[in-house]
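Q: Supplied in C-alpha cells, the structure appears directly below.
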Amino acid sequence: MSRVHQQSGDIAAAKNFSKLALQNYKDSALGYGENHPITLRNTSNLAVILLREAEGLPKDKSKPIIDAAKFEMEGALQKFIALNDMWTYRLDVASLKTNLGFVAVWQGKPKKARKLLRQIQEIEVPETHPLVGRIGILEQRVEKLEKSKSK
C-alpha cells in the first residue's frame, strides 16, 4: 500500500502507511520482531521514503531527515549482516548499501561512496534485477562527485 501512495506522489501518505506497517511488524505478537527480515525490509523502505521526502526540502531542513534515514539504514544493514546468511539477504544488503552510497554522495563524501560501491560490486546481483540500474546511477554520481572534489 505504501508503494501505491509513493507512485501516486503522495509521500506523506506513503510515509504514514509505512510507519504503521513497520509498527505492526515490530509487534512480537505477530511472530515478527525487530530483527526479522520483513521488519528490516520495512525499516529500509521507510528510510527510502524519508530520503525522497528530504530531496525536495532546503538543505537545513533535509539534513536531519537524511541523518535519521541513514541511521535507520545502517542499523538495518548491521542486522541483516548479523542474520549470518549473506547469500539469502544479498539483495537486501546490496540495496541498503546502494542507498547509503546515495546518502554519501548527497553528503559530499566521495571516499565513503566509493567504498560502498566497491562492496556492492562484490555482491552477486542478477543482471535483470532493477537494482543494477540504481547501482549504475550511483557509480555515475560517485564519479561526478570525485571529479568535482578533485578540482
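Labeling convention for the C-alpha cells: chains A, B, ... as they appear, residues from 1 per chain, ligands from 1 in order of appearance.
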I want to know what sits within 8 Å of Pro37 of chain A, based on only C-alpha atoms, with residues of the same chain fewer than 3 positions away left out; could you give that as a list in words?
A: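 Those residues are Leu40, Arg41 and Phe80 of chain A.
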Q: Where in chain A does DSSP assign alpha helix (DSSP H), given as a count of residues only?
A: 114
Q: Could you name the residues that touch Lys70 of chain A at 9 Å or less, counting only C-alpha atoms, but leaving out those on the same chain fewer than 6 positions away, as JSON, numbers by chain?
A: {"A": [47, 51, 99, 100, 103]}
Q: Could you check the closest approach to Lys111 of chain A for each of A:Arg90, A:Lys149, A:Lys97, A:His129 and tell me which residue wins, using only C-alpha atoms?
A: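 Among A:Arg90, A:Lys149, A:Lys97, A:His129, it is A:Lys149 that comes nearest to Lys111 of chain A.
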Q: Do you have the atom CA of Leu145 of chain A-atom CA of Lys109 of chain A distance handy?
A: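 So the answer is 8.2 Å.
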Q: Of the candidates A:Leu96, A:Gly56, A:Ile81, A:Leu46, which one gets nearest to Ala68 of chain A if we count only C-alpha atoms?
A: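 Ranking A:Leu96, A:Gly56, A:Ile81, A:Leu46 by distance to Ala68 of chain A, first place goes to A:Leu46.
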Q: So that I can check the surroundings of Glu146 of chain A, please list as a PyMOL selection string every protein, DNA and RNA residue that reaches within 12 Å of it, counting only C-alpha atoms and ignoring chain neighbours fewer than 6 positions away.
A: chain A and resi 104-105+108-114+139-140
Q: With only C-alpha atoms as the basis for distance, which of A:Lys151, A:Lys79, A:Lys59, A:Arg141 is at the shortest distance from Thr98 of chain A?
A: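 Among A:Lys151, A:Lys79, A:Lys59, A:Arg141, it is A:Arg141 that comes nearest to Thr98 of chain A.
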Q: Find the distance between atom CA of Phe71 of chain A and atom CA of Gly101 of chain A and write it in Å to one decimal.
A: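 Those two atoms sit 13.2 Å apart.
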Q: As an exercise, work out the distance from atom CA of Ile11 of chain A to atom CA of Lys63 of chain A in Å and give it to one decimal place.
A: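 Those two atoms sit 17.7 Å apart.
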